[in-house]
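I have placed the structure first, in the form of structure tokens, so that the comments after it can refer back to it.
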Amino acid sequence: MKDKKIKKDLLSLKDYSKEEIIKILDMAEEIKSEPGNYSDILKGRNIALLFDKPSTRTRVSFEVGINQLGGHCLVLDSKNLQLGRGETYADTAKIFDAYLDAVIIRTFMQETVETIAENCSIPVINALTDKYHPCQILADMQTLIEKNLLFKKNLKFVYFGDPNNVSNSLLVGFTKLGVDITICCPKSLKTDEFLMEFLKKESAISKNNICIENEPTKAAFGADVIYTDVWISMGQEEQKEKIEMMMPYQVNSDLLKNARPDVAIMHCLPAHRGMEITSEVLDSDNSIVWEQAENRLHAQKGLLKFLFDRQDDSK
Ligand code: CP
């Protein structure tokens with residue numbers, strides 16, 4: 001077992017300071033603009049991607065990004081590991097620790113990534129759980145910086161739809177950076193109360209405003225950025241009755257009449273066209289979703305450099 005003291009994970013941005021998040025984003029932009037200077041920074045490093053759920057962007061962007069940085073990537077499917085036959089995540093983590101330099105995992109419970117992190121000394125990256133999706137939010141913040149929006153005075157950023165792992169992570173990331181955020185969702189859907197308690201304390205320090213709004217027209221009024229995500233997350237497919245309740249929160253051209261004419265439209269993808277967002281809006285000139293998706297690659301490269309620099313510095 002390697003030295004436990006040098007471990008540094010990304011399980012949620014809750015554990016990160018504003019300065020650390022900015023450092024990752026600066027690194028991401030630097031690697032994006034000068035990729036040739038970073039083509040061997042992961043040379044000799046073996047990094048595993050473990051998936052308990054499907055993925056397109058996360059899987060491809062991490063695998064390509066690791067290769068572009070000179071590292072070796074193993075893509076693992078838990079069904080084909082002994083995990084599928086009942087070996088525990090804790091025991092699997094000890095094996096990862098012996099062979100690998102980092103592990104990136106997409107799974108259901110946040111506790112699973114925490115268990116893996118507790119049982120190995122190598123960096124562990126959360127590539128989505130039911131609770132958080134921090135890698136997505138790093139790419140979102142990078143995209144908003146490129147558009148000169150993230151630190152715009154009086155920015156109105158509104159997330160429409162289901163309070164989920166993406167909105168949780170947006171709330172955490174924006175609060176850490178002191179950026180205001182509005183969540184617009186039906187009254188019956190609430191953000192996790194423990195997270196809200198955490199955010200209340202953090203907001204008192206970072207001085208951002210968190211607004212929960214139930215009326216879509218009011219929420220969209222004057223918005224600079226409108227963000228949405230699927231209404232039914234992976235693993236929750238039985239919740240089909242939710243769709244009727246969510247329809248008033250659809251991001252469509254009528255809703256956009258209330259926003260600024262240059263409102264930027266974001267979606268972490270995959271999109272369910274005609275459900276949380278119409279094709280007309282997703283494919284419009286206001287949409288920045290494809291740049292947002294591309295930045296998954298760059299933001300994660302910044303993150304990997306940040307984590308390994310930190311580990312190397314602590315040796
Ligand atoms: N946004 C996102 O995480 O996409 P995938 O599910 O395709 O990885």
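Residue names in the structure tokens use chain letters A, B, ... in the order shown, residue numbers from 1 in each chain, and ligand numbers from 1 in the order shown.
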>> So that I can check the surroundings of Ile22 in chain A, please list as a VMD selection string every protein, DNA and RNA residue that reaches within 10 Å of it, counting only C-alpha atoms and ignoring chain neighbours fewer than 6 positions away.
In response: chain A and resid 28 138 141 to 142 177
Residues as selected, N, CA and C atoms, written as an mmCIF file, in the first residue's frame, can you do that?
data_model
loop_
_atom_site.group_PDB
_atom_site.id
_atom_site.type_symbol
_atom_site.label_atom_id
_atom_site.label_comp_id
_atom_site.auth_asym_id
_atom_site.auth_seq_id
_atom_site.Cartn_x
_atom_site.Cartn_y
_atom_site.Cartn_z
ATOM 1 N N ALA A 28 -6.582 24.209 -17.257
ATOM 2 C CA ALA A 28 -7.358 23.664 -18.380
ATOM 3 C C ALA A 28 -7.226 24.561 -19.604
ATOM 4 N N LEU A 138 -16.802 21.633 -13.820
ATOM 5 C CA LEU A 138 -15.527 22.281 -14.192
ATOM 6 C C LEU A 138 -15.580 22.704 -15.661
ATOM 7 N N MET A 141 -17.898 25.709 -16.061
ATOM 8 C CA MET A 141 -17.303 26.962 -15.603
ATOM 9 C C MET A 141 -16.259 27.448 -16.607
ATOM 10 N N GLN A 142 -15.486 26.507 -17.174
ATOM 11 C CA GLN A 142 -14.499 26.891 -18.188
ATOM 12 C C GLN A 142 -15.206 27.553 -19.386
ATOM 13 N N LEU A 177 -17.204 29.893 -5.854
ATOM 14 C CA LEU A 177 -16.631 31.024 -6.599
ATOM 15 C C LEU A 177 -17.355 32.339 -6.309
#
>> When DSSP is applied to the backbone of this structure, which of range 14-102 of chain A are assigned strand (DSSP E)? Write them out as a list in words.
In response: Asn46, Ile47, Ala48, Leu49, Leu50, Phe51, His72, Cys73, Leu74, Val75, Leu76, Asp77 and Ala102 of chain A
Only all heavy atoms, please: the residues just picked out, written as a compact mmCIF listing (two decimals), in the first residue's frame.
# COMPACT_ATOMS: atom_id res chain seq x y z
N ASN A 46 -0.63 4.99 -15.25
CA ASN A 46 -1.76 4.13 -15.65
C ASN A 46 -3.01 4.55 -14.87
O ASN A 46 -3.00 4.56 -13.63
CB ASN A 46 -1.44 2.66 -15.35
CG ASN A 46 -0.34 2.16 -16.26
OD1 ASN A 46 -0.54 2.01 -17.45
ND2 ASN A 46 0.85 1.94 -15.70
N ILE A 47 -4.03 4.91 -15.62
CA ILE A 47 -5.25 5.46 -15.00
C ILE A 47 -6.45 4.64 -15.46
O ILE A 47 -6.62 4.41 -16.66
CB ILE A 47 -5.42 6.95 -15.39
CG1 ILE A 47 -4.19 7.74 -14.92
CG2 ILE A 47 -6.71 7.53 -14.83
CD1 ILE A 47 -4.14 9.17 -15.43
N ALA A 48 -7.26 4.20 -14.50
CA ALA A 48 -8.44 3.39 -14.85
C ALA A 48 -9.70 4.23 -14.80
O ALA A 48 -9.87 5.10 -13.94
CB ALA A 48 -8.57 2.21 -13.91
N LEU A 49 -10.58 3.94 -15.76
CA LEU A 49 -11.93 4.51 -15.78
C LEU A 49 -12.88 3.36 -15.48
O LEU A 49 -12.92 2.39 -16.25
CB LEU A 49 -12.25 5.02 -17.19
CG LEU A 49 -11.72 6.36 -17.63
CD1 LEU A 49 -11.83 6.48 -19.14
CD2 LEU A 49 -12.51 7.47 -16.98
N LEU A 50 -13.63 3.46 -14.41
CA LEU A 50 -14.55 2.37 -14.03
C LEU A 50 -15.99 2.87 -14.15
O LEU A 50 -16.36 3.89 -13.55
CB LEU A 50 -14.27 1.93 -12.59
CG LEU A 50 -15.22 0.90 -12.00
CD1 LEU A 50 -15.20 -0.40 -12.77
CD2 LEU A 50 -14.89 0.65 -10.52
N PHE A 51 -16.78 2.16 -14.93
CA PHE A 51 -18.16 2.59 -15.16
C PHE A 51 -19.17 1.58 -14.63
O PHE A 51 -19.16 0.41 -15.01
CB PHE A 51 -18.42 2.81 -16.66
CG PHE A 51 -17.75 4.06 -17.15
CD1 PHE A 51 -16.50 4.00 -17.75
CD2 PHE A 51 -18.34 5.29 -16.98
CE1 PHE A 51 -15.86 5.15 -18.17
CE2 PHE A 51 -17.71 6.46 -17.40
CZ PHE A 51 -16.48 6.38 -18.00
N HIS A 72 -1.56 6.17 -19.90
CA HIS A 72 -2.23 4.97 -20.39
C HIS A 72 -3.56 4.83 -19.65
O HIS A 72 -3.61 4.94 -18.42
CB HIS A 72 -1.36 3.73 -20.14
CG HIS A 72 -2.04 2.46 -20.53
ND1 HIS A 72 -2.35 2.16 -21.83
CD2 HIS A 72 -2.52 1.44 -19.77
CE1 HIS A 72 -2.98 0.98 -21.86
NE2 HIS A 72 -3.09 0.53 -20.63
N CYS A 73 -4.61 4.59 -20.42
CA CYS A 73 -5.95 4.53 -19.83
C CYS A 73 -6.55 3.13 -19.97
O CYS A 73 -6.49 2.55 -21.06
CB CYS A 73 -6.83 5.55 -20.53
SG CYS A 73 -8.49 5.62 -19.87
N LEU A 74 -7.10 2.60 -18.90
CA LEU A 74 -7.81 1.31 -18.95
C LEU A 74 -9.28 1.61 -18.71
O LEU A 74 -9.62 2.23 -17.70
CB LEU A 74 -7.37 0.39 -17.82
CG LEU A 74 -5.93 -0.06 -17.67
CD1 LEU A 74 -5.09 0.98 -16.98
CD2 LEU A 74 -5.91 -1.34 -16.84
N VAL A 75 -10.14 1.19 -19.62
CA VAL A 75 -11.57 1.40 -19.41
C VAL A 75 -12.17 0.09 -18.88
O VAL A 75 -12.08 -0.95 -19.53
CB VAL A 75 -12.28 1.85 -20.70
CG1 VAL A 75 -13.76 2.10 -20.42
CG2 VAL A 75 -11.64 3.11 -21.25
N LEU A 76 -12.74 0.15 -17.68
CA LEU A 76 -13.24 -1.04 -17.00
C LEU A 76 -14.75 -0.95 -16.82
O LEU A 76 -15.29 0.12 -16.54
CB LEU A 76 -12.59 -1.17 -15.61
CG LEU A 76 -11.06 -1.11 -15.57
CD1 LEU A 76 -10.59 -1.05 -14.12
CD2 LEU A 76 -10.46 -2.32 -16.28
N ASP A 77 -15.39 -2.07 -16.99
CA ASP A 77 -16.84 -2.15 -16.79
C ASP A 77 -17.04 -3.05 -15.57
O ASP A 77 -16.57 -4.20 -15.56
CB ASP A 77 -17.44 -2.76 -18.07
CG ASP A 77 -18.92 -3.00 -17.96
OD1 ASP A 77 -19.46 -2.96 -16.84
OD2 ASP A 77 -19.54 -3.23 -19.01
N ALA A 102 -4.16 6.36 -10.73
CA ALA A 102 -5.40 7.09 -10.41
C ALA A 102 -6.58 6.24 -10.87
O ALA A 102 -6.43 5.38 -11.74
CB ALA A 102 -5.45 8.45 -11.10
Can you work out which residues are within 8 Å of ligand 1, considering only C-alpha atoms and all ligand atoms, and then hand them over as a compact mmCIF listing (two decimals) with C-alpha atoms, in the first residue's frame?
# COMPACT_ATOMS: atom_id res chain seq x y z
CA PRO A 54 -23.39 4.34 -19.34
CA SER A 55 -21.40 7.30 -20.63
CA THR A 56 -20.37 8.91 -23.92
CA ARG A 57 -18.73 12.26 -23.09
CA THR A 58 -17.07 11.29 -19.81
CA ARG A 59 -15.69 8.03 -21.10
CA VAL A 60 -14.37 9.37 -24.42
CA ALA A 127 -17.09 10.93 -12.85
CA LEU A 128 -20.74 11.12 -11.70
CA HIS A 133 -21.01 15.46 -11.14
CA GLN A 136 -19.16 18.39 -15.65
CA CYS A 268 -24.68 18.86 -19.97
CA LEU A 269 -26.03 16.30 -22.50
CA PRO A 270 -27.32 13.82 -23.47
CA ALA A 293 -19.18 19.29 -24.23
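Remark: for Arg310 in chain A, the closest of the candidate residues A:Glu280, A:Asp192, A:Glu29, A:Pro123 is A:Pro123 (distances computed over only C-alpha atoms).
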> In Å, with one decimal, what is the gap from CA of Gly84 in chain A to CA of Lys53 in chain A?
Replying inline: 13.0 Å
